[in-house]
Amino acid sequence: MFRTALRNVLAHKARLLMTVLAVTLGVAFVSGTLVFTDTLKKSLSGQSAKSYEGIAVSVTSYGQGRNEQGEKEGEPGLGQQTLDKIKALPGVDTVSGRVSGFAGVGDENGKLIGSGWSNQGANYTPVKDGKDPRYAFAQGAGPARADEVALDKATADKGNYKVGDKVRVATNGPVKEYSLAGVFTTEDGAVQAGGSLVLFETKVAQELYLKPGYFQELSVGAKNGTSADKLLADIKPLLDKNTKAQTGAALAAEQAKQIEKGLSNLSTMLLVFAGISLFVGIFLIYNTFTMLVTQRTKELALLRAVGANRGQVMRSVLSEALVVGVLSAAVGLVSGIGLAIGIRSVIGSLGAKLPGGALVIAPGTVTAALVIGVVVTTVAAVLPAWRTGRIAPVAAMGSAHLPATSKSLLVRNILGSIISLGGIGLVFLGVSTGGNSGRMTMGGGAFFMLIGMIVLLPLLSKPVIGAVRPLLQKVFGVPGKLAAQNAVRNPRRTAVTAASLAIGLTLVTTLSVLGITVGKVVDRMSTEKLKADYRVSMSSDAGSLDKSVAETLSKAPGIKAVSPQTAGYFLVDGDFRAASGVNPATIGQLLNVEVLSGSLDSLGKGEVAVAEKTAKKQNFTVGTPLKVKYDDGQEASVKVGAIFKDMEGLLSPYVIDNKILTEHSEEMYIPEVYVNVDGGASKAAQQKVVDALGKNPAITVATQQDMRNEMGGMINTMLNIMYGLLGMALVISVLGVVNTLAMSVFERTQEIGMLRAIGLDRSRVKNMIRLEAVVISLFGAALGVVIGIFLAWAVGSTLAEAMPGYALILPWDRIGIFLLLAAVVGVLAAMWPARSAARLNMLTAIKTE
């Protein structure tokens, strides 16, 4: 029986090729994801371990802490005194301190080199022989004077910088010019991520990033014969509670775990989409084996007649599935390895430099590919195999295929209704619950609702397709009428084919509706309440602006209003609260603040404005006195001067005068500065702002449209990635339509011959098959769109509370494109079956049993 099964596999190569392709796509995605993440994890972990070579103990300061009263305590970092104490310990060979922060380098056109978030600056600390072991210099040497810097080789090459050139470097303040002392190579993670690294002389770096005389980290090297654990035990008593010490090996292991955790999110997302593709593939495999069994009904009956029992016939079909599964798994594994290589190349072409190293093909990856390929294929073939065993030999000899009984369809409809209603109930429960727990409940409900709808598809197909039958007949004539009849002739097969498209379109529609709706809400939140002509911020949100930015702009000609948006916090009645510092004189010109009671002018009198939700929660009204403690520990009593409509993303719940925050804080975090110019926004006015800031490559001057484009670009990029991933499931759906039509043509060979004989020419036969494909495709797509809109509404309902002004937006243009693409899918999928049907010899077809 196994030899028979193997011969049957080889005899139906074209049919089984589609099944192999469907399983291969899913397995390739799974294995490719595992190979890529395993390779990246090993490479990054190896790079991390390499960066800690020679470091016995690493000491990290978390800066000043706060006591229960909210007062700062401790040192801002690791001072020279601590460094000297550690250096004096027996067994210590070397101690080097490190400070780091943002530093951007401009190219010859003044544009920032590298990604803003990974552009870093640090100090150069010679340890032995005047060298820092973390950097290997290809040209020149490390910076020895305050006016010198060193650049990583990739950044120097991009900027065409040579030793001795002048380099414009920006931190969070004005641009400064330095002499290039050297060019180095490094394993630093920021550089490997596509950023840049600028090395400063230590005192310069301390002034830029911390305080003179203080370090953020200390790297301790041990003398020969001294263990890292012994050194760690000696160092710990010298440190305060806001400092942490670890061995270099422990720190490398910790970073390896963080790398693995970070990659797990990427891996999970890719594996979810692979699972969707495999789930869709099950419908294709089921259809394929149903078709093969149908075509071989007499052959299987003959086997039964010569002695094969039901179990043997069933195992024969399952053996075919096993062979196909193993073949698919093998091809999928090889394709997955190629996919992993392709992902590395794509990421590299985008500017990120992934660490090198051989591909990691773990035994678990091979096992997963084999198990997934075999299990998915075998499970999908179980039902066709079981049905094969139930066909009586005599009935099969007469080509009487076993039809679906009305009883089995009734049971199916009842079961589908129960599952669907249960799923819908869970979705509504999730909507009423809200929050993360509600969305989890909703996710389970969506799954069961989708499964229930798939089970109910045979019941739904007849009335839905029947409703469009008159239109098809009117527009396309006899081919249209016959296409509608053929589409519901075998409701189970139509349902399986439509299901794969319904799943894909459900996900695509849900993501599209949510993405566009959230994008519009965020757009309104970020720009409708913004009056400012420009927002000045660090490139790629790389950190805080220096206070000199606002001061420079306020003195520049043509600037009408400036307000730095300062982020801080204070204690209000004993609880820490986020606060925004603004310029009371100009904030009304720059932000559209809806004041519900009181006046923003009160900010200039030292009073505080409170957001509506916070005021209601705390029972605050205009005039309510608040006991506050500022960042420096000073206490004061201030009154609520205004209650305003919440402005998430623009203002914190508490708003006070910038001067007050500045007086009571040593360092201010200024994420953005809002600017209005004389005559309103224009290209020339924007250039004036850029020029006033010294053409700083690290600072972005964004218009309101830039802000819209930034947010819209992020959401569109996310949606495009999702569309690309879901595209694989839709490819499998196309193969499913091809299979269904091919089976339909095979079963109706005699009928097609009769139609040809009574006058239906080849072109109308082709139209009939094409229209049947379009009807099935649009049926599945329409169902997917309806379910997708429902799920988008449900998920959006849980987001509405956190996003004021949330209102569901249906992107009819995209929905129309989805349905049009579904129709195109039907036309393309029908090409081969339609051609086969039109080429049938009518006399031969009529004689076919």
# chains A, B, ... in the order shown; residues from 1 in each chain; ligands from 1
call {"tool": "select_by_dssp", "arguments": {"residues": "region 539-650 of chain A", "states": "strand (DSSP E)", "output": "VMD selection string"}}
result
chain A and resid 559 to 572 575 to 582 595 to 598 608 to 611 625 to 629 635 to 644
call {"tool": "residues_around", "arguments": {"residues": "Pro479 (chain A)", "least_positions_apart": "6", "cutoff": "9 Å", "atoms": "only C-alpha atoms", "output": "PyMOL selection string"}}
result
chain A and resi 472-473+760+764-769+771
call {"tool": "residues_around", "arguments": {"residues": "Thr226 (chain A)", "least_positions_apart": "6", "cutoff": "10 Å", "atoms": "only C-alpha atoms", "output": "list in words"}}
result
Ala56, Pro90, Gly91, Val92 and Asp93 of chain A
call {"tool": "select_by_dssp", "arguments": {"residues": "region 411-575 of chain A", "states": "alpha helix (DSSP H)", "output": "JSON, numbers by chain"}}
result
{"A": [411, 412, 413, 414, 415, 416, 417, 418, 419, 420, 421, 422, 423, 424, 425, 426, 427, 428, 429, 430, 431, 432, 433, 435, 436, 437, 438, 439, 440, 441, 442, 443, 444, 445, 446, 447, 448, 449, 450, 451, 452, 453, 454, 455, 456, 457, 458, 459, 460, 461, 462, 463, 464, 465, 466, 467, 468, 469, 470, 471, 472, 473, 474, 475, 476, 478, 479, 480, 481, 482, 483, 484, 485, 486, 487, 491, 492, 493, 494, 495, 496, 497, 498, 499, 500, 501, 502, 503, 504, 505, 506, 507, 508, 509, 510, 511, 512, 513, 514, 515, 516, 517, 518, 519, 520, 521, 522, 523, 547, 548, 549, 550, 551, 552, 553, 554, 555]}
call {"tool": "residues_around", "arguments": {"residues": "Leu819 (chain A)", "least_positions_apart": "2", "cutoff": "9 Å", "atoms": "only C-alpha atoms", "output": "list in words"}}
result
Ser777, Leu778, Ala781, Ala782, Val785, Arg814, Ile815, Gly816, Ile817, Leu821, Ala822, Ala823 and Val824 of chain A
